[in-house]
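Colleague: Below you'll find protein-v6.cif; it's mmCIF, C-alpha atoms.
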```
data_start
loop_
_atom_site.label_atom_id
_atom_site.label_comp_id
_atom_site.auth_asym_id
_atom_site.auth_seq_id
_atom_site.Cartn_x
_atom_site.Cartn_y
_atom_site.Cartn_z
CA MET Q 220 186.86 157.50 347.27
CA ARG Q 221 188.58 154.51 345.66
CA VAL Q 222 192.38 154.71 345.85
CA VAL Q 223 195.22 152.47 344.69
CA ALA Q 224 198.24 153.15 346.90
CA LYS Q 225 201.65 151.95 345.74
CA PHE Q 226 204.43 151.72 348.30
CA GLY Q 227 207.96 151.74 346.90
CA GLY Q 228 210.84 149.72 348.25
CA THR Q 229 212.21 152.57 350.38
CA SER Q 230 208.83 153.18 352.01
CA LEU Q 231 208.77 149.50 353.04
CA GLY Q 232 212.49 149.26 353.81
CA SER Q 233 212.16 148.41 357.52
CA GLY Q 234 209.66 147.29 360.11
CA ASP Q 235 209.16 150.88 361.23
CA ARG Q 236 208.39 151.99 357.69
CA ILE Q 237 205.97 149.11 357.18
CA ASN Q 238 204.22 150.24 360.37
CA ARG Q 239 204.05 153.79 359.00
CA ALA Q 240 202.60 152.48 355.72
CA ALA Q 241 200.03 150.36 357.57
CA ASP Q 242 199.02 153.36 359.72
CA SER Q 243 198.37 155.51 356.63
CA ILE Q 244 196.32 152.75 354.97
CA ALA Q 245 194.33 152.10 358.14
CA ALA Q 246 193.59 155.82 358.56
CA ALA Q 247 192.26 156.05 355.00
CA VAL Q 248 190.09 152.94 355.48
CA GLU Q 249 188.72 154.27 358.78
CA ASP Q 250 187.79 157.49 356.97
CA GLY Q 251 185.56 155.44 354.67
CA HIS Q 252 187.78 155.13 351.59
CA GLU Q 253 188.23 151.99 349.51
CA ILE Q 254 191.94 151.17 349.36
CA ALA Q 255 193.87 148.69 347.24
CA VAL Q 256 197.61 148.44 347.88
CA VAL Q 257 200.47 147.62 345.51
CA ALA Q 258 203.75 146.74 347.24
CA SER Q 259 207.28 146.76 345.89
CA ALA Q 260 210.02 144.56 347.32
CA MET Q 261 211.41 145.77 350.65
CA GLY Q 262 214.38 148.07 350.30
CA SER Q 263 216.87 146.83 347.72
CA SER Q 264 215.94 143.16 348.03
CA THR Q 265 215.20 142.68 344.31
CA ASP Q 266 218.59 144.12 343.32
CA ASP Q 267 220.23 142.01 346.02
CA LEU Q 268 218.61 138.87 344.63
CA LEU Q 269 219.67 139.77 341.10
CA ASP Q 270 223.25 140.31 342.26
CA GLU Q 271 223.32 136.80 343.71
CA ILE Q 272 222.29 135.13 340.44
CA THR Q 273 225.85 134.44 339.31
CA PHE Q 274 224.93 131.19 337.58
CA GLU Q 275 223.15 130.29 334.36
CA THR Q 276 219.37 130.37 334.72
CA ASP Q 277 216.39 130.48 332.42
CA ASP Q 278 213.77 133.24 332.47
CA ALA Q 279 211.24 131.21 334.42
CA ASP Q 280 213.64 130.44 337.29
CA ARG Q 281 214.94 134.01 337.30
CA ALA Q 282 211.38 135.40 337.60
CA GLN Q 283 210.65 133.01 340.48
CA ILE Q 284 213.77 134.16 342.33
CA VAL Q 285 213.26 137.91 341.93
CA SER Q 286 209.56 137.59 342.85
CA MET Q 287 210.51 136.75 346.43
CA GLY Q 288 211.04 140.38 347.35
CA GLU Q 289 207.48 141.41 346.49
CA ARG Q 290 206.07 138.22 347.97
CA THR Q 291 207.71 139.03 351.30
CA SER Q 292 206.49 142.64 351.24
CA VAL Q 293 202.83 141.79 350.73
CA ARG Q 294 202.90 139.28 353.58
CA MET Q 295 204.55 141.79 355.93
CA LEU Q 296 202.13 144.58 355.02
CA LYS Q 297 199.08 142.32 355.21
CA ALA Q 298 200.14 141.19 358.70
CA ALA Q 299 200.67 144.81 359.83
CA LEU Q 300 197.18 145.72 358.60
CA SER Q 301 195.61 142.70 360.31
CA ALA Q 302 197.29 143.76 363.57
CA ARG Q 303 195.38 147.05 363.25
CA GLY Q 304 192.03 145.32 362.83
CA ILE Q 305 191.93 145.86 359.05
CA ASP Q 306 190.56 142.97 357.00
CA ALA Q 307 193.36 142.48 354.45
CA THR Q 308 194.51 139.80 352.06
CA PHE Q 309 197.61 139.47 349.94
CA LEU Q 310 197.50 138.65 346.24
CA GLU Q 311 200.39 137.19 344.24
CA PRO Q 312 200.65 135.25 340.97
CA GLY Q 313 198.92 131.93 341.52
CA SER Q 314 196.30 133.37 343.89
CA ASP Q 315 192.70 132.71 342.86
CA ASP Q 316 192.01 136.44 342.66
CA TRP Q 317 195.30 137.46 341.02
CA PRO Q 318 194.57 140.22 338.46
CA VAL Q 319 197.60 140.90 336.19
CA VAL Q 320 197.79 138.46 333.28
CA THR Q 321 200.14 138.43 330.27
CA ASP Q 322 199.81 136.71 326.91
CA GLU Q 323 202.25 134.29 325.27
CA TYR Q 324 204.41 137.24 324.16
CA GLY Q 325 204.76 138.67 327.68
CA GLU Q 326 202.43 141.61 326.96
CA VAL Q 327 199.61 142.49 329.35
CA ASN Q 328 196.38 140.76 328.37
CA VAL Q 329 194.16 143.83 328.64
CA GLU Q 330 190.79 142.10 328.50
CA GLN Q 331 191.56 139.47 331.14
CA THR Q 332 193.43 141.90 333.41
CA HIS Q 333 190.60 144.42 333.25
CA GLU Q 334 188.03 141.75 334.07
CA ARG Q 335 190.06 140.40 336.99
CA ALA Q 336 190.84 143.89 338.32
CA LEU Q 337 187.12 144.70 338.43
CA ALA Q 338 186.52 141.50 340.37
CA VAL Q 339 189.11 142.60 342.95
CA ALA Q 340 187.50 146.06 343.06
CA ASP Q 341 184.11 144.51 343.86
CA GLU Q 342 185.55 143.31 347.19
CA LEU Q 343 187.02 146.64 348.30
CA GLU Q 344 184.13 147.43 350.65
CA ASP Q 345 185.06 144.40 352.73
CA THR Q 346 188.81 143.97 352.42
CA VAL Q 347 192.11 145.65 351.51
CA PRO Q 348 193.95 143.65 348.84
CA VAL Q 349 197.74 143.92 349.04
CA ILE Q 350 199.02 143.14 345.55
CA THR Q 351 202.57 142.29 344.54
CA GLY Q 352 203.90 144.94 342.19
CA PHE Q 353 206.17 144.16 339.23
CA LEU Q 354 204.84 140.60 338.81
CA ALA Q 355 202.37 139.07 336.39
CA GLU Q 356 201.05 135.63 335.54
CA GLY Q 357 201.58 134.06 332.14
CA PRO Q 358 198.90 132.11 330.25
CA ASP Q 359 200.40 128.86 331.54
CA GLY Q 360 200.38 130.06 335.15
CA SER Q 361 204.09 130.89 335.21
CA ILE Q 362 205.44 134.03 336.86
CA THR Q 363 206.41 136.85 334.51
CA THR Q 364 207.55 140.41 335.24
CA LEU Q 365 206.60 143.86 333.99
CA GLY Q 366 210.18 145.17 333.71
CA ARG Q 367 211.96 148.06 335.43
CA GLY Q 368 209.51 150.25 337.32
CA GLY Q 369 206.98 147.45 337.12
CA SER Q 370 205.42 148.23 340.50
CA ASP Q 371 204.49 151.71 339.28
CA THR Q 372 203.03 150.08 336.17
CA THR Q 373 201.01 147.67 338.30
CA ALA Q 374 199.62 150.53 340.38
CA VAL Q 375 198.50 152.82 337.55
CA MET Q 376 197.20 149.86 335.54
CA MET Q 377 195.16 148.70 338.54
CA GLY Q 378 193.92 152.25 339.10
CA LYS Q 379 192.66 152.39 335.53
CA TYR Q 380 191.14 148.92 335.38
CA MET Q 381 189.62 149.07 338.90
CA ASP Q 382 187.90 152.39 338.09
CA ALA Q 383 189.79 154.10 340.93
CA ASP Q 384 189.54 157.81 341.61
CA GLU Q 385 193.23 158.17 342.36
CA VAL Q 386 196.56 156.37 342.35
CA VAL Q 387 199.00 157.45 345.05
CA ILE Q 388 202.67 156.61 344.55
CA VAL Q 389 204.32 156.58 348.00
CA THR Q 390 208.06 156.99 347.70
CA ASP Q 391 211.13 158.61 349.28
CA VAL Q 392 210.88 161.97 347.51
CA GLU Q 393 208.59 164.95 348.06
CA GLY Q 394 206.89 164.40 344.73
CA VAL Q 395 208.44 165.93 341.62
CA MET Q 396 211.14 168.47 342.49
CA THR Q 397 212.39 171.51 340.57
CA GLY Q 398 215.82 169.85 340.61
CA ASP Q 399 217.79 167.12 342.34
CA PRO Q 400 217.90 168.27 346.00
CA HIS Q 401 221.20 166.39 346.43
CA VAL Q 402 222.78 168.56 343.72
CA VAL Q 403 221.02 171.95 343.56
CA GLU Q 404 220.21 174.39 346.32
CA GLY Q 405 216.65 175.49 346.96
CA ALA Q 406 214.97 172.57 345.16
CA ARG Q 407 211.25 172.60 345.90
CA ASN Q 408 208.22 170.50 345.23
CA VAL Q 409 206.23 171.00 342.04
CA GLY Q 410 202.56 170.96 342.97
CA GLU Q 411 201.37 169.90 339.51
CA ILE Q 412 203.05 168.51 336.41
CA SER Q 413 201.64 167.19 333.15
CA VAL Q 414 202.00 163.59 332.00
CA ASP Q 415 203.93 164.78 328.94
CA GLU Q 416 206.43 166.71 331.05
CA LEU Q 417 206.95 163.89 333.53
CA ARG Q 418 207.37 161.21 330.87
CA ASN Q 419 210.06 163.28 329.18
CA LEU Q 420 211.82 163.82 332.51
CA SER Q 421 211.49 160.12 333.39
CA PHE Q 422 213.06 159.00 330.12
CA ARG Q 423 215.94 161.40 330.80
CA GLY Q 424 216.80 160.21 334.28
CA ALA Q 425 214.13 161.44 336.73
CA GLU Q 426 213.31 158.48 338.98
CA VAL Q 427 209.85 159.49 340.18
CA VAL Q 428 207.29 157.43 338.24
CA ALA Q 429 208.24 154.82 335.65
CA PRO Q 430 207.39 156.02 332.11
CA SER Q 431 205.70 152.69 331.34
CA ALA Q 432 203.24 153.35 334.17
CA LEU Q 433 202.10 156.70 332.80
CA SER Q 434 200.91 155.11 329.55
CA TYR Q 435 198.01 153.69 331.61
CA LYS Q 436 196.94 157.08 332.96
CA ASP Q 437 193.81 158.52 331.40
CA GLY Q 438 192.20 161.89 331.94
CA SER Q 439 189.74 160.64 334.56
CA LEU Q 440 192.38 159.02 336.80
CA ASP Q 441 194.30 161.23 339.24
CA VAL Q 442 197.89 160.23 340.02
CA ARG Q 443 199.84 161.74 342.89
CA VAL Q 444 203.36 161.24 344.27
CA VAL Q 445 203.84 161.66 348.05
CA HIS Q 446 206.63 161.13 350.59
CA TYR Q 447 206.22 158.15 352.92
CA GLN Q 448 207.14 160.25 355.97
CA HIS Q 449 203.98 162.34 355.72
CA GLY Q 450 201.81 159.38 356.66
CA ASP Q 451 198.81 160.77 354.76
CA LEU Q 452 197.75 159.05 351.54
CA LEU Q 453 195.18 161.63 350.55
CA SER Q 454 197.01 164.97 350.52
CA GLY Q 455 200.27 166.67 349.57
CA GLY Q 456 202.91 165.74 347.04
CA THR Q 457 202.75 166.32 343.29
CA SER Q 458 199.64 165.81 341.19
CA ILE Q 459 200.25 164.42 337.69
CA GLU Q 460 197.76 165.99 335.31
CA GLY Q 461 196.35 165.06 331.92
CA GLN Q 462 196.57 162.08 329.66
CA PHE Q 463 199.38 160.95 327.40
CA GLN Q 464 198.18 160.55 323.84
CA ASN Q 465 199.58 159.17 320.62
CA LEU Q 466 199.42 161.97 318.07
CA VAL Q 467 200.58 162.68 314.55
CA ASP Q 468 200.39 166.42 314.12
CA LEU Q 469 201.12 168.77 311.21
CA ARG Q 470 202.01 172.37 312.04
CA GLU Q 471 199.51 174.51 310.19
CA ARG Q 472 201.88 177.30 309.11
CA PRO Q 473 205.19 176.99 307.23
CA LEU Q 474 208.51 177.40 308.98
CA ALA Q 475 211.63 179.21 307.85
CA CYS Q 476 214.95 177.48 308.43
CA LEU Q 477 217.71 179.90 309.55
CA THR Q 478 221.20 178.41 309.78
CA VAL Q 479 224.14 180.17 311.40
CA ALA Q 480 227.58 178.81 310.48
CA GLY Q 481 230.80 179.19 312.41
CA ARG Q 482 234.04 177.52 313.38
CA ALA Q 483 233.38 174.61 315.78
CA ILE Q 484 230.63 176.63 317.43
CA ARG Q 485 229.32 173.61 319.28
CA ASN Q 486 232.48 173.87 321.41
CA GLN Q 487 232.15 177.64 321.91
CA PRO Q 488 230.42 178.44 325.23
CA GLY Q 489 227.66 181.02 325.00
CA VAL Q 490 227.11 181.05 321.22
CA PHE Q 491 223.70 179.39 321.34
CA HIS Q 492 222.71 181.60 324.28
CA HIS Q 493 223.54 184.81 322.42
CA LEU Q 494 221.73 183.74 319.25
CA SER Q 495 218.57 182.54 320.96
CA GLU Q 496 218.53 185.51 323.36
CA ALA Q 497 218.72 187.93 320.42
CA LEU Q 498 215.67 186.30 318.86
CA SER Q 499 213.82 186.16 322.16
CA GLU Q 500 214.40 189.84 322.95
CA SER Q 501 212.75 190.66 319.62
CA ASP Q 502 209.77 188.37 320.38
CA VAL Q 503 210.70 185.82 317.71
CA ASN Q 504 209.41 182.43 318.79
CA ILE Q 505 211.69 179.44 318.12
CA ASP Q 506 209.74 176.32 317.14
CA ALA Q 507 212.75 173.97 317.08
CA VAL Q 508 216.54 173.95 317.10
CA ALA Q 509 219.07 171.61 315.48
CA SER Q 510 222.83 171.82 315.80
CA GLY Q 511 225.95 170.47 314.15
CA LEU Q 512 229.62 170.96 314.85
CA ASP Q 513 229.74 174.12 312.73
CA THR Q 514 226.09 175.19 312.55
CA VAL Q 515 223.04 176.07 314.60
CA THR Q 516 219.66 175.93 312.84
CA PHE Q 517 216.56 177.71 314.11
CA TYR Q 518 213.08 176.86 312.82
CA ILE Q 519 210.76 179.86 313.16
CA ASP Q 520 207.49 181.06 311.66
CA GLU Q 521 208.08 181.93 308.01
CA ASP Q 522 206.44 185.34 308.48
CA GLU Q 523 209.30 186.27 310.83
CA ALA Q 524 212.09 185.08 308.50
CA GLU Q 525 213.32 188.43 307.20
CA ARG Q 526 213.32 190.08 310.62
CA ALA Q 527 215.02 187.10 312.23
CA GLU Q 528 217.68 186.99 309.54
CA ASN Q 529 218.62 190.59 310.28
CA ILE Q 530 218.74 189.89 314.01
CA LEU Q 531 221.02 186.89 313.58
CA HIS Q 532 223.16 188.72 311.04
CA ARG Q 533 223.95 191.36 313.67
CA GLU Q 534 225.18 188.57 315.95
CA VAL Q 535 227.32 187.11 313.14
CA ILE Q 536 228.97 190.47 312.59
CA ALA Q 537 229.56 190.94 316.33
CA ARG Q 538 231.15 187.54 317.04
CA ASP Q 539 234.43 186.40 315.47
CA GLU Q 540 233.59 182.69 315.69
CA LEU Q 541 230.51 183.13 313.48
CA SER Q 542 230.77 183.26 309.68
CA SER Q 543 227.37 183.61 308.02
CA VAL Q 544 223.60 183.21 308.27
CA THR Q 545 221.36 181.80 305.56
CA VAL Q 546 217.59 181.25 305.19
CA ASP Q 547 215.70 178.38 303.60
CA SER Q 548 211.96 179.01 303.68
CA SER Q 549 208.78 176.97 303.55
CA SER Q 550 209.53 173.91 305.64
CA ALA Q 551 206.82 171.78 307.20
CA VAL Q 552 207.10 169.86 310.46
CA ILE Q 553 205.17 166.70 311.28
CA ARG Q 554 205.46 165.56 314.89
CA VAL Q 555 204.83 162.03 316.11
CA THR Q 556 204.20 161.97 319.85
CA GLY Q 557 203.52 158.95 322.01
CA GLY Q 558 204.89 155.92 323.74
CA GLU Q 559 208.64 155.47 323.94
CA LEU Q 560 209.34 156.31 320.33
CA PRO Q 561 213.07 157.06 320.25
CA ASN Q 562 213.63 154.17 322.68
CA GLN Q 563 212.17 151.66 320.23
CA PRO Q 564 214.93 150.19 318.04
CA GLY Q 565 214.29 150.89 314.37
CA VAL Q 566 211.51 153.44 314.86
CA ILE Q 567 213.34 156.18 312.94
CA SER Q 568 213.87 153.93 309.93
CA GLU Q 569 210.20 152.91 310.08
CA ILE Q 570 209.30 156.58 309.71
CA VAL Q 571 211.94 157.55 307.16
CA ASN Q 572 211.87 154.56 304.80
CA PRO Q 573 208.32 155.19 303.45
CA LEU Q 574 209.25 158.85 302.89
CA ALA Q 575 212.38 157.86 300.97
CA GLU Q 576 210.34 155.46 298.84
CA ALA Q 577 207.96 158.34 298.07
CA ARG Q 578 210.95 160.50 297.05
CA ILE Q 579 210.31 162.95 299.90
CA ASN Q 580 213.45 164.73 301.09
CA VAL Q 581 213.78 164.90 304.89
CA HIS Q 582 215.68 168.03 305.92
CA ASP Q 583 215.91 167.30 309.64
CA ILE Q 584 214.78 164.85 312.28
CA ILE Q 585 214.71 166.01 315.90
CA THR Q 586 213.88 163.53 318.65
CA SER Q 587 213.01 163.80 322.31
CA ALA Q 588 212.19 161.07 324.79
CA THR Q 589 208.60 160.83 323.58
CA SER Q 590 208.43 162.47 320.16
CA VAL Q 591 209.94 162.62 316.69
CA ALA Q 592 209.76 165.79 314.57
CA ILE Q 593 210.22 165.39 310.80
CA PHE Q 594 211.06 168.47 308.70
CA VAL Q 595 210.24 168.34 304.97
CA ASP Q 596 209.50 170.76 302.12
CA TRP Q 597 206.19 172.57 302.57
CA GLU Q 598 204.76 171.11 299.36
CA ASP Q 599 205.42 167.58 300.70
CA ARG Q 600 203.54 168.13 303.96
CA GLU Q 601 200.25 166.41 303.14
CA GLU Q 602 201.85 163.29 301.70
CA THR Q 603 204.27 163.10 304.65
CA LEU Q 604 201.39 163.45 307.09
CA GLU Q 605 199.41 160.71 305.35
CA LEU Q 606 202.35 158.30 305.23
CA THR Q 607 203.17 158.92 308.89
CA GLN Q 608 199.58 158.52 310.02
CA ASP Q 609 199.50 155.16 308.27
CA LEU Q 610 202.34 154.03 310.54
CA PHE Q 611 200.91 155.28 313.85
#
```
Starting from the file, give its structure as structure tokens.

Modeller:
Amino acid sequence: MRVVAKFGGTSLGSGDRINRAADSIAAAVEDGHEIAVVASAMGSSTDDLLDEITFETDDADRAQIVSMGERTSVRMLKAALSARGIDATFLEPGSDDWPVVTDEYGEVNVEQTHERALAVADELEDTVPVITGFLAEGPDGSITTLGRGGSDTTAVMMGKYMDADEVVIVTDVEGVMTGDPHVVEGARNVGEISVDELRNLSFRGAEVVAPSALSYKDGSLDVRVVHYQHGDLLSGGTSIEGQFQNLVDLRERPLACLTVAGRAIRNQPGVFHHLSEALSESDVNIDAVASGLDTVTFYIDEDEAERAENILHREVIARDELSSVTVDSSSAVIRVTGGELPNQPGVISEIVNPLAEARINVHDIITSATSVAIFVDWEDREETLELTQDLF
């Protein structure tokens, strides 16, 4: 099996941990597997270097300085592997075999990087390459970086372009957890999670795998997150399933828009719970929810509109802070999913402006970390879909 193993800063944070990492790599090699290694900077060395740059510097000098953490790691890990009789070599920007290349705009040059990664893969039967994470080489030979979480990006990118069977992210957590074990009791490991779920969690604060890395995962590449203390690269942890795709999707059936009004209900604990629970207990599925200071809007299947209105009306009558419920039928929803949409400045205006020019009224826009949902009149659905597909 061909594996790209990425070791995070914590898993390389001391000599003992480097020894543990080298032992796990050596065991996998001795079992007949082809292993390529991506190494982050030891411990917090990159952040420490950044903290010490208290003077004016240009991007080129800054990249050179922060690269020293990864450069040290690959030398340490290569030496530890050599001490175990493993034929290893370290690769950094400027090396003859260095794989990760960017263009003049700082974006990964896919064609060149793929070609170079395959060349590195061709040598895996004979040697273990230890590759600096986070770093890249510009078209002029200068050092560039892949941004926050860049070592994860390097690993999954190399896994894809080296035709690996699996990428293993070795870190200081037991894979993806049901909650933060430092905050909640009884947090446990999630054996499997989809790319879509993890990207949404990552954009909202989960520090497991960098969202930028997961954009390189395809359906044929397995990605797993394991704890460095286990010492086994090939088992345990959390498996990340599926492939993240860019999609523009139109819901096939119309939605009804049910709005409940009340006095500052956003500040009233339990109101949303009671309304959504009432619908749930009657098996009414909620497609989407939007809220304002004085309103909560539920989008549900239009066929359920009359029944849902009666359910919500009972809640309005029962609760003093609620005033009224109203229904507006036949809405369409077009969802754009992919990339880092709401994190791209101007992306909402790019979507909305063509619709405004076409005189299409947008009733609601609901965003998540990786998607944008646009609600329009049902009769405008096809034109909205076409205009949105033209953008993405």

Colleague: Pick out the closest residue to Val566 of chain Q from this set: Q:Ile505, Q:Glu330, Q:Thr589, Q:Ile459. Count all atoms listed in the file.

Modeller: Q:Thr589

Colleague: Excluding segment 352-362 of chain Q and residues on its chain fewer than 5 positions from it, collect all residues at most 9 Å away from it, counting all atoms listed in the file, and give them as a VMD selection string.

Modeller: chain Q and resid 225 257 to 260 279 to 280 282 to 283 286 289 311 to 313 317 to 323 325 327 367 to 374

Colleague: Atom CA of Phe517 of chain Q and atom CA of Glu598 of chain Q, how far apart in Å?

Modeller: 20.0 Å

Colleague: Provide the atom CA of Ile593 of chain Q to atom CA of Pro488 of chain Q distance in Å, to one decimal place.

Modeller: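 Between these atoms lies a distance of 28.0 Å.
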
Colleague: Skip Ser413 of chain Q itself and residues of its chain fewer than 2 positions away, then list as a list of chain:residue names all residues within 12 Å of it, counting all atoms listed in the file.

Modeller: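 Everything that qualifies: Q:Val395, Q:Val409, Q:Gly410, Q:Glu411, Q:Asp415, Q:Glu416, Q:Leu417, Q:Arg418, Q:Asn419, Q:Leu420, Q:Leu433, Q:Lys436, Q:Asp437, Q:Gly438, Q:Asp441, Q:Val442, Q:Arg443, Q:Thr457, Q:Ser458, Q:Ile459, Q:Glu460, Q:Gly461, Q:Gln462, Q:Phe463, Q:Gln464.
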
Colleague: Export C-alpha atoms of the chosen residues as a PDB file, keeping the file's coordinate frame?

Modeller:
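File produced: result-v6.pdb:
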```
ATOM      1  CA  VAL Q 395     208.440 165.930 341.620  1.00  0.00           C
ATOM      2  CA  VAL Q 409     206.230 171.000 342.040  1.00  0.00           C
ATOM      3  CA  GLY Q 410     202.560 170.960 342.970  1.00  0.00           C
ATOM      4  CA  GLU Q 411     201.370 169.900 339.510  1.00  0.00           C
ATOM      5  CA  ASP Q 415     203.930 164.780 328.940  1.00  0.00           C
ATOM      6  CA  GLU Q 416     206.430 166.710 331.050  1.00  0.00           C
ATOM      7  CA  LEU Q 417     206.950 163.890 333.530  1.00  0.00           C
ATOM      8  CA  ARG Q 418     207.370 161.210 330.870  1.00  0.00           C
ATOM      9  CA  ASN Q 419     210.060 163.280 329.180  1.00  0.00           C
ATOM     10  CA  LEU Q 420     211.820 163.820 332.510  1.00  0.00           C
ATOM     11  CA  LEU Q 433     202.100 156.700 332.800  1.00  0.00           C
ATOM     12  CA  LYS Q 436     196.940 157.080 332.960  1.00  0.00           C
ATOM     13  CA  ASP Q 437     193.810 158.520 331.400  1.00  0.00           C
ATOM     14  CA  GLY Q 438     192.200 161.890 331.940  1.00  0.00           C
ATOM     15  CA  ASP Q 441     194.300 161.230 339.240  1.00  0.00           C
ATOM     16  CA  VAL Q 442     197.890 160.230 340.020  1.00  0.00           C
ATOM     17  CA  ARG Q 443     199.840 161.740 342.890  1.00  0.00           C
ATOM     18  CA  THR Q 457     202.750 166.320 343.290  1.00  0.00           C
ATOM     19  CA  SER Q 458     199.640 165.810 341.190  1.00  0.00           C
ATOM     20  CA  ILE Q 459     200.250 164.420 337.690  1.00  0.00           C
ATOM     21  CA  GLU Q 460     197.760 165.990 335.310  1.00  0.00           C
ATOM     22  CA  GLY Q 461     196.350 165.060 331.920  1.00  0.00           C
ATOM     23  CA  GLN Q 462     196.570 162.080 329.660  1.00  0.00           C
ATOM     24  CA  PHE Q 463     199.380 160.950 327.400  1.00  0.00           C
ATOM     25  CA  GLN Q 464     198.180 160.550 323.840  1.00  0.00           C
TER      26      GLN Q 464
END
```
